[in-house]
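Report on one structure; see the data block that follows.
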Amino acid sequence: LPLQATYDRLRKLMIELVLGTDMKQHFSIIGQFTALHRPGGDGQAAGKTAIPSHVRAPQQARSSNSSAASFAQDSSQDINASLQPVSDQDKLLSLQMALKCSDLGHLAAPLPVHLAWVSRLEAEFFAQGDAERAQGLTISPLCDRTKQGITKSQVGFFDFVALPLFTNFTARFTAAKPLLRGVMANYLHWQAQAAAVAVAEPQAPTG
């Protein structure tokens with residue numbers, strides 16, 4: 001391709017990749033990627049695609065833990081699987097999924113690193129909320145330091161965002177399965193934290 005055409009193509013790709021990290025597109029991208037690689041798929045995720053059930057329902061999301069763990073077990077058959085893109089859309093979706101995993105990479109990091117980044121993110125959110133309060137603006141979700149921050153909502157975030165993302169990506173790109181193992185380890189930490197809080201909280205009277 002001529003130099004200008006190559007530049008234009010690369011610039012367009014970079015814009016699409018960055019926009020793909022917007023949470024507004026999160027479930028759409030995962031849905032298209034999953035549909036594209038569903039057994040029997042034709043390589044064309046045209047039109048609206050169904051969002052995986054474990055993305056939509058918390059009960060199903062939690063029951064998917066065992067399937068996520070099974071994805072994290074390497075097999076020689078997976079390693080030898082073909083990674084040849086089936087279409088240009090496959091190339092774009094794969095790159096978008098990879099960048100999204102990178103954007104949330106601390107979820108797969110060792111626990112101390114992951115906790116440090118969660119703490120930084122919560123501090124950033126609260127600082128934004130403080131600025132919004134000072135200007136008389138509506139405080140954005142999870143940014144009000146007088147309420148629960150992101151450290152209190154991690155199980156839900158893993159259920160609805162992290163596990164579907166990393167599970168589907170590593171099912172296709174099996175060499176990345178160590179990422180899923182890291183995500184699962186951190187998920188178990190937050191589950192244990194939530195369980196400990198639930199036990200410590202006084203039970204509301206019934207009847």
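Identifiers in this document derive from the order of the structure tokens: chains are assigned A, B, ..., residues are numbered from 1 separately in each chain, and ligands are numbered from 1 in order of occurrence.
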
Task: Spatial neighbours of A:Leu13, 9 Å, only C-alpha atoms, chain gap at least 5 places, as a list in words - done: Asp8, Val18 and Leu92 of chain A

Include C-alpha atoms and write out the residues we just selected as a PDB file, in the first residue's frame.
ATOM      1  CA  ASP A   8      -4.778   6.042   7.197  1.00  0.00           C
ATOM      2  CA  VAL A  18      -8.982   2.676  21.760  1.00  0.00           C
ATOM      3  CA  LEU A  92     -10.276  -6.439  14.677  1.00  0.00           C
TER       4      LEU A  92
END

Open item on the list: Just want the 12 Å neighbourhood of stretch 137-140 of chain A, counted on only C-alpha atoms, with same-chain residues fewer than 4 positions away dropped. Output as JSON, numbers by chain.
Closed with: {"A": [125, 126, 127, 128, 129, 130, 131, 132, 133, 144, 145, 146, 147, 149]}

Write the residues of the selection above to a file with N, CA and C atoms, as a PDB file, in the first residue's frame.
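Now in again.pdb:
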ATOM      1  N   PHE A 125     -11.256   7.690  41.751  1.00  0.00           N
ATOM      2  CA  PHE A 125     -12.709   7.866  41.670  1.00  0.00           C
ATOM      3  C   PHE A 125     -13.200   8.819  42.758  1.00  0.00           C
ATOM      4  N   PHE A 126     -12.715   8.636  43.977  1.00  0.00           N
ATOM      5  CA  PHE A 126     -13.151   9.493  45.076  1.00  0.00           C
ATOM      6  C   PHE A 126     -12.708  10.940  44.853  1.00  0.00           C
ATOM      7  N   ALA A 127     -11.517  11.133  44.294  1.00  0.00           N
ATOM      8  CA  ALA A 127     -11.049  12.491  43.994  1.00  0.00           C
ATOM      9  C   ALA A 127     -11.963  13.147  42.964  1.00  0.00           C
ATOM     10  N   GLN A 128     -12.404  12.367  41.978  1.00  0.00           N
ATOM     11  CA  GLN A 128     -13.346  12.897  40.993  1.00  0.00           C
ATOM     12  C   GLN A 128     -14.660  13.271  41.668  1.00  0.00           C
ATOM     13  N   GLY A 129     -15.130  12.408  42.565  1.00  0.00           N
ATOM     14  CA  GLY A 129     -16.370  12.696  43.279  1.00  0.00           C
ATOM     15  C   GLY A 129     -16.259  13.945  44.137  1.00  0.00           C
ATOM     16  N   ASP A 130     -15.111  14.139  44.768  1.00  0.00           N
ATOM     17  CA  ASP A 130     -14.898  15.341  45.578  1.00  0.00           C
ATOM     18  C   ASP A 130     -14.984  16.594  44.709  1.00  0.00           C
ATOM     19  N   ALA A 131     -14.377  16.529  43.520  1.00  0.00           N
ATOM     20  CA  ALA A 131     -14.409  17.674  42.607  1.00  0.00           C
ATOM     21  C   ALA A 131     -15.832  17.939  42.124  1.00  0.00           C
ATOM     22  N   GLU A 132     -16.570  16.879  41.842  1.00  0.00           N
ATOM     23  CA  GLU A 132     -17.959  17.041  41.397  1.00  0.00           C
ATOM     24  C   GLU A 132     -18.816  17.642  42.509  1.00  0.00           C
ATOM     25  N   ARG A 133     -18.601  17.194  43.740  1.00  0.00           N
ATOM     26  CA  ARG A 133     -19.355  17.740  44.871  1.00  0.00           C
ATOM     27  C   ARG A 133     -19.043  19.225  45.062  1.00  0.00           C
ATOM     28  N   ASP A 144     -18.466   8.556  45.137  1.00  0.00           N
ATOM     29  CA  ASP A 144     -18.860   9.212  46.388  1.00  0.00           C
ATOM     30  C   ASP A 144     -18.184   8.500  47.552  1.00  0.00           C
ATOM     31  N   ARG A 145     -17.242   9.181  48.198  1.00  0.00           N
ATOM     32  CA  ARG A 145     -16.484   8.542  49.272  1.00  0.00           C
ATOM     33  C   ARG A 145     -17.323   8.298  50.524  1.00  0.00           C
ATOM     34  N   THR A 146     -18.533   8.862  50.575  1.00  0.00           N
ATOM     35  CA  THR A 146     -19.412   8.592  51.716  1.00  0.00           C
ATOM     36  C   THR A 146     -20.186   7.290  51.527  1.00  0.00           C
ATOM     37  N   LYS A 147     -20.022   6.670  50.356  1.00  0.00           N
ATOM     38  CA  LYS A 147     -20.701   5.410  50.069  1.00  0.00           C
ATOM     39  C   LYS A 147     -19.663   4.348  49.720  1.00  0.00           C
ATOM     40  N   GLY A 149     -17.191   2.131  47.748  1.00  0.00           N
ATOM     41  CA  GLY A 149     -16.386   2.331  46.548  1.00  0.00           C
ATOM     42  C   GLY A 149     -16.213   1.035  45.783  1.00  0.00           C
TER      43      GLY A 149
END

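For the residues A:Glu122, A:His106, A:Pro164, A:Ala171, ranking by smallest atom-to-atom distance to A:Ile29 using only C-alpha atoms places A:Pro164 first.
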
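Between A:Ala108 and the residues A:Pro85, A:Gly156, A:Ala185, A:Phe33, the shortest atom-to-atom distance, using only C-alpha atoms, involves A:Ala185.
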
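Among the candidates A:His26, A:Lys152, A:Arg181, A:Arg38, the residue lying nearest to A:Leu99 is A:His26 (atoms considered: only C-alpha atoms).
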